[in-house]
Every structure is written in C-alpha cells, then in structure tokens.
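A.B. asks: See run_14.cif below, with mmCIF, C-alpha atoms and all ligand atoms.
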```
data_data
loop_
_atom_site.label_atom_id
_atom_site.label_comp_id
_atom_site.auth_asym_id
_atom_site.auth_seq_id
_atom_site.Cartn_x
_atom_site.Cartn_y
_atom_site.Cartn_z
CA VAL H 240 3.10 8.75 -1.22
CA GLY H 241 1.07 11.96 -1.41
CA LYS H 242 -2.11 10.58 -2.98
CA THR H 243 -4.63 11.89 -0.50
CA THR H 244 -2.92 15.26 -0.06
CA SER H 245 -2.92 15.71 -3.83
CA ALA H 246 -6.60 14.73 -3.96
CA TYR H 247 -7.41 17.47 -1.41
CA LEU H 248 -5.46 20.10 -3.35
CA MET H 249 -7.18 19.07 -6.54
CA ALA H 250 -10.59 19.17 -4.86
CA LYS H 251 -9.95 22.71 -3.63
CA ALA H 252 -8.90 23.80 -7.13
CA LEU H 253 -11.86 22.12 -8.82
CA MET H 254 -14.36 23.73 -6.46
CA CYS H 255 -12.83 27.21 -6.62
CA ARG H 256 -14.84 29.93 -8.40
CA GLY H 257 -11.82 32.18 -8.87
CA GLN H 258 -9.47 32.57 -11.83
CA ASN H 259 -6.38 30.82 -10.44
CA PRO H 260 -6.19 27.24 -11.77
CA LEU H 261 -4.85 26.08 -8.38
CA GLY H 262 -7.70 27.80 -6.51
CA CYS H 263 -7.46 30.96 -4.43
CA ASP H 264 -4.39 31.62 -2.32
CA LEU H 265 -5.63 30.76 1.16
CA SER H 266 -3.12 33.09 2.81
CA ALA H 267 -4.91 36.06 1.22
CA ASP H 268 -7.48 38.19 3.02
CA PRO H 269 -10.78 36.21 3.39
CA LYS H 270 -12.72 38.88 1.48
CA ASP H 271 -10.51 38.28 -1.57
CA LEU H 272 -11.37 34.56 -1.64
CA CYS H 273 -14.19 32.92 -3.61
CA PRO H 274 -17.06 31.51 -1.47
CA SER H 275 -15.70 27.96 -1.66
CA CYS H 276 -12.13 28.82 -0.68
CA GLN H 277 -13.45 31.16 2.00
CA ALA H 278 -15.36 28.25 3.56
CA ILE H 279 -12.25 26.04 3.34
CA LYS H 280 -10.09 28.69 4.99
CA GLN H 281 -12.63 29.26 7.74
CA ASP H 282 -13.80 25.74 8.64
CA GLY H 283 -11.55 23.34 6.75
CA LEU H 284 -12.04 21.30 3.61
CA ASP H 285 -14.12 18.62 5.32
CA GLN H 286 -16.71 21.23 6.34
CA GLN H 287 -17.10 22.66 2.86
CA PRO H 288 -20.68 21.63 1.89
CA ASP H 289 -19.81 20.63 -1.67
CA PHE H 290 -16.95 18.38 -0.61
CA LEU H 291 -17.34 14.78 0.46
CA GLU H 292 -14.69 12.31 1.57
CA VAL H 293 -15.54 8.65 1.89
CA ASP H 294 -13.34 5.76 3.00
CA ALA H 295 -14.45 2.79 0.91
CA ALA H 296 -12.62 0.35 3.22
CA THR H 297 -14.86 1.14 6.19
CA LEU H 298 -18.02 1.90 4.24
CA GLU H 299 -20.94 -0.36 5.11
CA HIS H 300 -23.69 -1.15 2.64
CA LYS H 301 -21.49 0.00 -0.20
CA ALA H 302 -24.14 -0.18 -2.93
CA GLU H 303 -26.74 1.72 -0.90
CA SER H 304 -24.21 4.37 0.10
CA ALA H 305 -23.11 4.65 -3.52
CA ARG H 306 -26.65 5.49 -4.59
CA GLU H 307 -26.95 8.06 -1.78
CA ILE H 308 -23.62 9.62 -2.69
CA VAL H 309 -24.48 9.77 -6.38
CA GLU H 310 -27.84 11.37 -5.55
CA LYS H 311 -26.22 13.98 -3.33
CA MET H 312 -23.52 14.67 -5.90
CA SER H 313 -26.12 15.14 -8.65
CA SER H 314 -27.63 18.22 -7.02
CA PHE H 315 -26.32 21.72 -7.70
CA PRO H 316 -23.28 22.80 -5.70
CA VAL H 317 -23.97 25.15 -2.79
CA LEU H 318 -20.89 27.39 -2.83
CA ALA H 319 -18.48 25.89 -5.30
CA ARG H 320 -18.13 25.59 -9.05
CA ARG H 321 -18.52 21.79 -8.74
CA ARG H 322 -19.10 19.14 -6.14
CA VAL H 323 -16.12 16.91 -5.44
CA THR H 324 -16.03 13.48 -3.81
CA VAL H 325 -12.77 11.89 -2.72
CA MET H 326 -13.14 8.14 -2.42
CA ASP H 327 -10.28 6.67 -0.39
CA GLU H 328 -9.21 3.03 -0.80
CA ALA H 329 -11.49 2.86 -3.84
CA HIS H 330 -10.50 -0.74 -4.62
CA PHE H 331 -12.70 -1.85 -1.71
CA LEU H 332 -15.90 -0.83 -3.51
CA SER H 333 -18.29 -3.62 -4.51
CA ASP H 334 -19.32 -4.35 -8.08
CA GLU H 335 -22.80 -3.08 -7.34
CA ALA H 336 -21.42 0.17 -5.92
CA TRP H 337 -19.28 0.68 -9.00
CA GLY H 338 -22.42 0.22 -11.09
CA ALA H 339 -23.93 3.26 -9.38
CA TYR H 340 -20.81 5.38 -9.91
CA LEU H 341 -20.42 4.26 -13.51
CA LYS H 342 -23.69 5.96 -14.39
CA ILE H 343 -22.62 9.38 -13.14
CA LEU H 344 -19.12 8.97 -14.59
CA GLU H 345 -20.70 8.52 -18.01
CA GLU H 346 -22.68 11.75 -17.81
CA SER H 347 -20.55 14.52 -19.21
CA ASP H 348 -22.84 17.41 -18.26
CA THR H 349 -22.51 17.06 -14.51
CA ASP H 350 -21.16 19.48 -11.91
CA SER H 351 -19.69 16.57 -10.02
CA VAL H 352 -16.16 15.19 -9.93
CA PHE H 353 -15.07 11.93 -8.32
CA ILE H 354 -11.49 11.39 -7.25
CA PHE H 355 -10.81 7.72 -6.58
CA VAL H 356 -7.72 7.13 -4.46
CA SER H 357 -6.25 3.65 -4.35
CA SER H 358 -3.07 1.83 -3.44
CA ALA H 359 -4.20 -1.10 -5.62
CA ALA H 360 -5.55 0.56 -8.74
CA GLY H 361 -5.12 -2.64 -10.72
CA LYS H 362 -8.04 -4.10 -8.79
CA ILE H 363 -10.43 -1.45 -10.09
CA ARG H 364 -12.68 -2.55 -12.93
CA LYS H 365 -11.41 -1.74 -16.40
CA ASP H 366 -14.64 0.02 -17.44
CA ILE H 367 -14.18 2.41 -14.50
CA GLN H 368 -10.48 2.94 -15.17
CA SER H 369 -11.17 3.80 -18.80
CA ARG H 370 -13.50 6.61 -17.68
CA CYS H 371 -10.94 8.17 -15.36
CA ILE H 372 -7.84 10.25 -15.83
CA ARG H 373 -5.17 8.29 -14.05
CA THR H 374 -2.25 9.78 -12.13
CA SER H 375 0.42 7.51 -10.66
CA PHE H 376 2.25 8.17 -7.41
CA GLU H 377 5.51 6.63 -6.36
CA ARG H 378 7.43 5.99 -3.22
CA VAL H 379 10.15 8.49 -2.36
CA ALA H 380 13.32 7.06 -3.91
CA ASP H 381 15.89 5.73 -1.46
CA ASP H 382 18.67 8.15 -2.38
CA VAL H 383 16.30 11.13 -2.06
CA MET H 384 15.24 9.86 1.34
CA ILE H 385 18.83 9.37 2.53
CA GLY H 386 19.67 12.91 1.38
CA HIS H 387 16.68 14.27 3.26
CA LEU H 388 17.60 12.39 6.45
CA ALA H 389 21.18 13.63 6.20
CA ASN H 390 19.84 17.19 5.93
CA VAL H 391 17.61 16.77 8.96
CA ALA H 392 20.48 15.21 10.91
CA ASN H 393 22.92 18.01 9.96
CA THR H 394 20.40 20.72 10.82
CA ASN H 395 19.74 19.19 14.23
CA GLY H 396 23.36 18.32 15.02
CA ILE H 397 22.73 14.56 14.95
CA ALA H 398 25.84 12.42 14.29
CA TYR H 399 25.27 9.57 11.87
CA GLU H 400 26.85 6.87 9.75
CA LEU H 401 25.46 6.49 6.25
CA ASP H 402 24.61 2.82 6.85
CA GLY H 403 22.39 3.85 9.75
CA LEU H 404 20.46 6.21 7.48
CA ARG H 405 20.22 3.44 4.87
CA LEU H 406 18.61 1.10 7.37
CA ILE H 407 16.13 3.80 8.41
CA THR H 408 15.30 4.35 4.75
CA ARG H 409 14.65 0.64 4.26
CA GLN H 410 12.39 0.53 7.29
CA ALA H 411 10.42 3.58 6.20
CA ARG H 412 9.60 2.13 2.76
CA GLY H 413 9.36 5.48 1.01
CA ILE H 414 7.32 7.24 3.68
CA VAL H 415 9.12 10.41 4.74
CA ARG H 416 7.13 10.93 7.93
CA ASP H 417 8.09 7.45 9.20
CA ALA H 418 11.74 7.91 8.24
CA VAL H 419 12.06 11.18 10.16
CA GLN H 420 10.36 9.63 13.14
CA TYR H 421 12.79 6.69 13.12
CA LEU H 422 15.69 9.13 12.94
CA ASP H 423 14.23 11.06 15.85
CA THR H 424 13.75 7.92 17.96
CA THR H 425 17.28 6.75 17.25
CA ALA H 426 18.83 10.16 17.94
CA ALA H 427 17.00 10.24 21.26
CA LEU H 428 19.31 7.43 22.44
CA GLY H 429 22.01 10.09 22.50
CA GLU H 430 24.49 8.14 20.38
CA THR H 431 25.61 8.22 16.76
CA VAL H 432 22.98 6.88 14.34
CA THR H 433 24.45 3.57 13.17
CA ILE H 434 22.98 0.22 12.10
CA ASP H 435 23.23 -0.94 15.71
CA THR H 436 21.55 2.07 17.30
CA VAL H 437 18.81 2.08 14.66
CA LYS H 438 18.12 -1.57 15.46
CA LEU H 439 17.89 -0.64 19.14
CA ALA H 440 15.45 2.17 18.52
CA VAL H 441 13.39 0.78 15.69
CA ASP H 442 11.97 -2.73 15.69
CA THR H 443 13.39 -4.37 12.57
CA SER H 444 12.50 -7.91 13.62
CA LEU H 445 9.54 -8.27 11.28
CA GLU H 446 11.56 -7.19 8.26
CA ASP H 447 14.47 -9.43 9.29
CA LEU H 448 12.12 -12.38 9.63
CA CYS H 449 10.48 -11.74 6.24
CA GLU H 450 13.84 -11.48 4.53
CA ASN H 451 15.04 -14.62 6.26
CA LEU H 452 11.92 -16.51 5.18
CA LEU H 453 12.33 -15.62 1.52
CA GLN H 454 16.02 -16.45 1.68
CA THR H 455 15.21 -19.86 3.14
CA ILE H 456 12.67 -20.62 0.42
CA ALA H 457 15.12 -19.52 -2.25
CA ALA H 458 17.72 -21.87 -0.73
CA ARG H 459 15.11 -24.69 -0.91
CA LYS H 460 15.28 -25.28 2.82
CA GLN H 461 11.60 -26.07 3.02
CA VAL H 462 11.41 -27.41 6.56
CA GLU H 463 13.08 -24.27 7.90
CA ALA H 464 10.81 -22.14 5.72
CA VAL H 465 7.76 -23.73 7.32
CA ALA H 466 9.10 -23.03 10.82
CA LEU H 467 9.77 -19.38 9.94
CA ALA H 468 6.34 -19.00 8.36
CA GLU H 469 4.76 -20.31 11.53
CA GLU H 470 6.80 -17.87 13.59
CA LEU H 471 5.51 -15.04 11.37
CA VAL H 472 1.93 -16.23 11.81
CA ARG H 473 2.45 -16.17 15.57
CA LYS H 474 3.58 -12.54 15.34
CA ASP H 475 -0.03 -11.93 14.38
CA MET H 476 0.59 -9.25 11.79
CA PRO H 477 0.01 -11.22 8.59
CA GLY H 478 -1.07 -8.26 6.47
CA LYS H 479 1.93 -6.30 7.63
CA ALA H 480 4.27 -9.22 6.94
CA ALA H 481 2.90 -9.60 3.40
CA GLU H 482 3.36 -5.87 2.90
CA ARG H 483 6.95 -6.08 4.14
CA MET H 484 7.72 -8.92 1.76
CA LEU H 485 6.19 -6.97 -1.11
CA SER H 486 8.30 -3.98 -0.16
CA LEU H 487 11.44 -6.16 -0.10
CA TYR H 488 10.39 -7.51 -3.48
CA SER H 489 10.02 -4.10 -5.09
CA ARG H 490 13.37 -3.01 -3.74
CA ALA H 491 14.96 -6.15 -5.17
CA ILE H 492 13.38 -5.88 -8.59
CA TYR H 493 12.89 -2.15 -9.18
CA ASP H 494 15.58 -0.58 -7.03
CA LYS H 495 17.96 -3.41 -7.96
CA ASP H 496 19.24 -3.84 -4.42
CA PRO H 497 21.96 -6.44 -5.14
CA GLU H 498 21.62 -8.38 -1.87
CA LEU H 499 17.85 -8.67 -2.18
CA ARG H 500 18.05 -9.49 -5.87
CA LYS H 501 20.09 -12.57 -5.04
CA ILE H 502 17.23 -13.77 -2.85
CA TYR H 503 14.41 -12.96 -5.21
CA LEU H 504 15.98 -14.27 -8.35
CA GLY H 505 16.41 -17.57 -6.48
CA LEU H 506 12.68 -17.84 -5.84
CA PRO H 507 10.66 -20.18 -8.02
CA ASP H 508 8.57 -17.69 -9.94
CA VAL H 509 9.54 -14.10 -9.36
CA SER H 510 6.47 -12.52 -10.97
CA ALA H 511 4.07 -14.90 -9.22
CA VAL H 512 5.63 -13.89 -5.91
CA ALA H 513 4.80 -10.25 -6.61
CA GLY H 514 1.21 -11.08 -7.57
CA THR H 515 0.60 -13.18 -4.48
CA LEU H 516 2.16 -10.62 -2.15
CA ALA H 517 0.35 -7.67 -3.71
CA LYS H 518 -2.98 -9.46 -3.39
CA TRP H 519 -2.59 -9.84 0.35
CA ALA H 520 -0.60 -6.74 1.20
CA ALA H 521 -3.62 -4.67 0.12
CA ILE H 522 -5.72 -6.13 2.93
CA PRO H 523 -4.66 -4.64 6.26
CA SER H 524 -6.66 -7.22 8.26
CA ALA H 525 -5.61 -10.26 6.26
CA PRO H 526 -6.60 -13.63 7.73
CA SER H 527 -3.98 -14.97 10.13
CA ASP H 528 -2.99 -17.87 7.89
CA ILE H 529 -2.14 -15.69 4.91
CA ILE H 530 1.59 -16.16 5.35
CA THR H 531 0.90 -19.88 5.29
CA VAL H 532 -0.88 -19.46 1.97
CA ILE H 533 1.96 -17.40 0.50
CA VAL H 534 4.64 -19.85 1.60
CA TYR H 535 2.48 -22.74 0.44
CA GLU H 536 2.15 -21.22 -3.02
CA LEU H 537 5.88 -20.61 -3.23
CA LEU H 538 6.79 -24.11 -2.04
CA LYS H 539 4.22 -25.66 -4.39
CA THR H 540 5.72 -23.85 -7.38
CA GLN H 541 9.19 -24.83 -6.27
CA ASN H 542 8.18 -28.51 -5.98
CA ARG H 543 6.56 -28.43 -9.38
CA ILE H 544 9.81 -27.17 -10.89
CA LEU H 545 11.86 -29.72 -8.95
CA ALA H 546 9.50 -32.53 -9.99
CA HIS H 547 9.73 -31.60 -13.66
CA GLY H 548 13.46 -31.05 -13.70
CA GLY H 549 14.27 -34.02 -11.48
CA GLY H 550 12.53 -37.09 -12.85
CA GLY H 551 10.57 -36.00 -15.90
CA VAL H 552 7.35 -36.22 -13.88
CA LYS H 553 4.52 -35.06 -16.10
CA THR H 554 1.62 -34.79 -13.65
CA LEU H 555 1.55 -32.65 -10.57
CA THR H 556 1.80 -34.35 -7.24
CA PRO H 557 -0.76 -33.00 -4.79
CA VAL H 558 1.14 -31.34 -1.99
CA VAL H 559 -1.55 -31.14 0.67
CA THR H 560 -2.76 -34.33 2.28
CA SER H 561 -6.28 -34.70 3.58
CA SER H 562 -5.05 -35.34 7.11
CA LYS H 563 -6.29 -32.71 9.51
CA ARG H 564 -3.36 -31.17 11.35
CA ALA H 565 -2.98 -28.12 13.50
CA SER H 566 -0.79 -26.45 10.90
CA PRO H 567 -1.58 -26.69 7.19
CA LEU H 568 2.12 -26.36 6.44
CA ALA H 569 3.00 -29.24 8.71
CA ALA H 570 0.38 -31.26 6.85
CA MET H 571 2.03 -30.32 3.57
CA LEU H 572 5.29 -31.68 4.88
CA ASP H 573 3.67 -35.06 5.40
CA ASP H 574 3.57 -35.53 1.72
CA GLU H 575 6.33 -37.46 0.06
CA ALA H 576 6.56 -34.80 -2.63
CA LEU H 577 8.37 -32.71 -0.08
ZN ZN G 601 -11.37 29.97 -4.68
#
```
Go through the file and emit its structure as structure tokens.
Ligand SMILES: [Zn+2]
C.D. replies:
Amino acid sequence: VGKTTSAYLMAKALMCRGQNPLGCDLSADPKDLCPSCQAIKQDGLDQQPDFLEVDAATLEHKAESAREIVEKMSSFPVLARRRVTVMDEAHFLSDEAWGAYLKILEESDTDSVFIFVSSAAGKIRKDIQSRCIRTSFERVADDVMIGHLANVANTNGIAYELDGLRLITRQARGIVRDAVQYLDTTAALGETVTIDTVKLAVDTSLEDLCENLLQTIAARKQVEAVALAEELVRKDMPGKAAERMLSLYSRAIYDKDPELRKIYLGLPDVSAVAGTLAKWAAIPSAPSDIITVIVYELLKTQNRILAHGGGGVKTLTPVVTSSKRASPLAAMLDDEAL
C-alpha cells in the first residue's frame, strides 16, 4: 500500500526548485513557493506542465505512446527542476515500449525522471530493473491494522469483539481504507462488531469459497474441488478469486496464520501455487476459466505425486482427454488417472 501516493510525493520533491529535499511546504504562502510547487498548490499535481501520469494498463498503442512520452520528456522542463513521469501498472508495458524507455533511462544527462509503479515488479524486464532504484512496499501488517481499527472504534464509541476486527482485517487484505469502510458498514447495523455482524455487513462469501476450494484440494477431494471451482467460475470474478487465493496464501506462508498454514502445507506444491496465483491475480480482467486453469494445475501436480508415490509410475499420465465437454474440469475427471 502507498505506492502511488509515494510516487506523487517524490515527483513533487524532484520537480521542486527550492532547497527543501521534500519540496516546498505547500501550506506556506504561495509567494514563498518555487514555481513548480506554486503550480501544484494552485491547480494540482496533474496540471503541473512538467508532470505526466500514465496508466500502462489502459494505454493503447504502447510502443507509439512510449516514443511520444520519451520525446516530450526529453525537452526542457517548463517550471520545474526536472520533468517527472509516473507510470502506473508498469508491468503492462510491451517489450517494444520498454525499448523506447530503456534509451532514455540509459542517458545520465537528462532532466527527466521516470517512476515506474507496479504491483508485479517481478514481471518487469531485468535490464530495466537494473537501471532503476527499487523501493518495496508492503501491506499493512495485521496487528497494526487491528490496532488501528480498535482506535477508530474507541474514538467513535463502537462496541466490538476482537474476532470481529480480525475478520475485517482479513477481508481488507492490508488496505486501511477498505478496513475502515468495513468497520463503518458493520457499525451501521447498530450492534456490536462481531464475526457474525461483520459477515452480515461485509460479503465474505468469495473468500470463504476460495478457502474451501484450497482446503478441498489439500484433502484430495478432487470431485468436490471441481464442483467448487465451477461455482467460483460462475461467480464471474475470476481475477478477484485468484487474488483472494493469493492473499490467503501470503497470510498462510508469511504471516504464519496457523489455520491457513494447515491448508497450504497440504497442497501439492506450495511454491508453484504462489507462482500460478500471482500470475493471474495481476490481471484484473482474467479470462473466466482462469480458476479452472489454477485448479487443473494443482490437481495435475497432485496426481503426478500420487502416481509416483502409489505405483512407481515413471511416465506422466495425460490428465485431459480429447473429448469436448462443456467444462474442461469435467473432461479431466473422465480420465482414469483421476
Ligand atoms: Zn518547490
């Protein structure tokens, strides 16, 4: 959390012509501000002529735009010390686009700075990464979040049970704004914030379903897993479901949530699960059958392990038959390997 906000603050500081390394204090009198900060105070950062913000996810003709952006950024700044571009969701840039940026990143005598913001930095080419200074951001830790929610609740006279706040924290996945909103929605019911009232106010069904699915796979109940996967597909939020599973995963592995750890350590290949989930969670509009693909990969790995351990089978049995069925997972189940 905080990537884009930090990028804005850094942009303001980099463009400032004053002496303060953080940029001028915007609460000061406008006549005491440098021209860049004055423009920011008056019309906002996005109107400052030397500042550019681009969302790579929605950018069309990425390579062409890259050349235009580089050309614009190569000219002298109008008001500021430097020109600054903030590129959001940078991992969506094409190879050709990166080629254009690489050139300007290699020039050391430029008045231009690029800030690439990404929630999947690992996907960015190594030759780009090695030319950048990298700063990592983390989710707000669960105990910090619970403390914050307790503070908000106490200040506003909201009665709560700690378990209720824990559930809100889980749902918010490190995003403070979401957590406070969930608390607000639950408190609006007029009752104590408990697990039950949170469930009433906040829809936890997607998370419950994701957790259930992983639990079922870990328990090797493959037929049930297929049914749950299909239910998830019907919910029509595949990207969101993948993201939820990734979030459960990171809580299990990094936060060492004991209940979730039991599930994840039972899965066939814990690190492969993370890789698969991360790949798809980064795409908000993932294809509708992505959950099918994830479950397929997990079941396939599980079968491979079972086949090896069970009968000393040396070659892999193909899991998907060629028969055309409505559901690819149902087709998988046709196979005797399952
Ligand atoms: Zn300034």
A.B. asks: What is the distance, in Å and to one decimal place, between CA of Ile434 (chain H) and CA of Leu401 (chain H)?
C.D. replies: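 The value is 8.9 Å.
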A.B. asks: Using all atoms listed in the file, which protein or nucleic acid residues come within 12 Å of region 253-257 of chain H? Drop anything in the same chain fewer than 2 positions from it, and give the result as JSON, numbers by chain.
C.D. replies: {"H": [246, 247, 248, 249, 250, 251, 259, 260, 261, 262, 263, 264, 265, 271, 272, 273, 274, 275, 276, 277, 278, 279, 284, 287, 288, 289, 290, 291, 316, 317, 318, 319, 320, 321, 322, 323, 324, 325, 350, 351, 352, 353, 354]}
A.B. asks: To one decimal place in Å, what is the distance between CA of Ile529 (chain H) and CA of Ala360 (chain H)?
C.D. replies: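 These atoms are spaced 21.5 Å apart.
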A.B. asks: Return the single residue from H:Gln258, H:Asn542, H:Thr243, H:Ser333 that is closest to ligand ZN 601 (chain G), with distances computed using all atoms listed in the file.
C.D. replies: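 Among H:Gln258, H:Asn542, H:Thr243, H:Ser333, it is H:Gln258 that comes nearest to ligand ZN 601 (chain G).
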A.B. asks: One decimal, in Å: what's the spacing between CA of Gly413 (chain H) and CA of Ser375 (chain H)?
C.D. replies: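 Value for the CA of Gly413 (chain H)-CA of Ser375 (chain H) distance: 14.8 Å.
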A.B. asks: Within 9 Å of (8.5, -22.8, -5.9) (file coordinates; all atoms listed in the file), which protein or nucleic acid residues are there? I'd like them as JSON, numbers by chain.
C.D. replies: {"H": [456, 457, 459, 506, 507, 508, 534, 535, 536, 537, 538, 539, 540, 541, 542, 543, 544, 545]}
A.B. asks: Compare H:Ser266, H:Thr455, H:Thr436, H:Gln410 by their minimum atom-to-atom distance to ligand ZN 601 (chain G), counting all atoms listed in the file, and give me the closest one.
C.D. replies: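 Checking each candidate against ligand ZN 601 (chain G), we get H:Ser266 as the closest.
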A.B. asks: Got a minute to add N, CA, C and O atoms to region 271-284 of chain H and dump it as a PDB file, in the coordinates of the input?
C.D. replies:
```
ATOM      1  N   ASP H 271     -10.997  38.440  -0.198  1.00  0.00           N
ATOM      2  CA  ASP H 271     -10.510  38.280  -1.570  1.00  0.00           C
ATOM      3  C   ASP H 271     -10.670  36.849  -2.083  1.00  0.00           C
ATOM      4  O   ASP H 271     -10.270  36.537  -3.205  1.00  0.00           O
ATOM      5  N   LEU H 272     -11.220  35.958  -1.241  1.00  0.00           N
ATOM      6  CA  LEU H 272     -11.370  34.560  -1.640  1.00  0.00           C
ATOM      7  C   LEU H 272     -12.765  34.312  -2.204  1.00  0.00           C
ATOM      8  O   LEU H 272     -13.723  34.998  -1.841  1.00  0.00           O
ATOM      9  N   CYS H 273     -12.871  33.313  -3.104  1.00  0.00           N
ATOM     10  CA  CYS H 273     -14.190  32.920  -3.610  1.00  0.00           C
ATOM     11  C   CYS H 273     -14.945  32.238  -2.464  1.00  0.00           C
ATOM     12  O   CYS H 273     -14.339  31.831  -1.477  1.00  0.00           O
ATOM     13  N   PRO H 274     -16.275  32.077  -2.580  1.00  0.00           N
ATOM     14  CA  PRO H 274     -17.060  31.510  -1.470  1.00  0.00           C
ATOM     15  C   PRO H 274     -16.554  30.129  -1.035  1.00  0.00           C
ATOM     16  O   PRO H 274     -16.508  29.825   0.159  1.00  0.00           O
ATOM     17  N   SER H 275     -16.154  29.310  -2.001  1.00  0.00           N
ATOM     18  CA  SER H 275     -15.700  27.960  -1.660  1.00  0.00           C
ATOM     19  C   SER H 275     -14.402  27.997  -0.856  1.00  0.00           C
ATOM     20  O   SER H 275     -14.293  27.362   0.198  1.00  0.00           O
ATOM     21  N   CYS H 276     -13.420  28.752  -1.362  1.00  0.00           N
ATOM     22  CA  CYS H 276     -12.130  28.820  -0.680  1.00  0.00           C
ATOM     23  C   CYS H 276     -12.264  29.515   0.682  1.00  0.00           C
ATOM     24  O   CYS H 276     -11.559  29.181   1.635  1.00  0.00           O
ATOM     25  N   GLN H 277     -13.190  30.477   0.739  1.00  0.00           N
ATOM     26  CA  GLN H 277     -13.450  31.160   2.000  1.00  0.00           C
ATOM     27  C   GLN H 277     -13.918  30.153   3.061  1.00  0.00           C
ATOM     28  O   GLN H 277     -13.438  30.154   4.193  1.00  0.00           O
ATOM     29  N   ALA H 278     -14.848  29.275   2.639  1.00  0.00           N
ATOM     30  CA  ALA H 278     -15.360  28.250   3.560  1.00  0.00           C
ATOM     31  C   ALA H 278     -14.248  27.296   3.978  1.00  0.00           C
ATOM     32  O   ALA H 278     -14.164  26.893   5.134  1.00  0.00           O
ATOM     33  N   ILE H 279     -13.364  26.958   3.019  1.00  0.00           N
ATOM     34  CA  ILE H 279     -12.250  26.040   3.340  1.00  0.00           C
ATOM     35  C   ILE H 279     -11.301  26.690   4.333  1.00  0.00           C
ATOM     36  O   ILE H 279     -10.876  26.084   5.303  1.00  0.00           O
ATOM     37  N   LYS H 280     -11.009  27.981   4.094  1.00  0.00           N
ATOM     38  CA  LYS H 280     -10.090  28.690   4.990  1.00  0.00           C
ATOM     39  C   LYS H 280     -10.680  28.779   6.398  1.00  0.00           C
ATOM     40  O   LYS H 280      -9.980  28.604   7.391  1.00  0.00           O
ATOM     41  N   GLN H 281     -11.983  29.030   6.451  1.00  0.00           N
ATOM     42  CA  GLN H 281     -12.630  29.260   7.740  1.00  0.00           C
ATOM     43  C   GLN H 281     -12.836  27.967   8.535  1.00  0.00           C
ATOM     44  O   GLN H 281     -12.495  27.891   9.705  1.00  0.00           O
ATOM     45  N   ASP H 282     -13.401  26.933   7.878  1.00  0.00           N
ATOM     46  CA  ASP H 282     -13.800  25.740   8.640  1.00  0.00           C
ATOM     47  C   ASP H 282     -13.078  24.469   8.211  1.00  0.00           C
ATOM     48  O   ASP H 282     -13.323  23.404   8.760  1.00  0.00           O
ATOM     49  N   GLY H 283     -12.248  24.545   7.210  1.00  0.00           N
ATOM     50  CA  GLY H 283     -11.550  23.340   6.750  1.00  0.00           C
ATOM     51  C   GLY H 283     -12.282  22.692   5.591  1.00  0.00           C
ATOM     52  O   GLY H 283     -13.495  22.858   5.430  1.00  0.00           O
ATOM     53  N   LEU H 284     -11.505  21.941   4.811  1.00  0.00           N
ATOM     54  CA  LEU H 284     -12.040  21.300   3.610  1.00  0.00           C
ATOM     55  C   LEU H 284     -13.208  20.370   3.929  1.00  0.00           C
ATOM     56  O   LEU H 284     -14.216  20.338   3.222  1.00  0.00           O
TER      57      LEU H 284
END
```
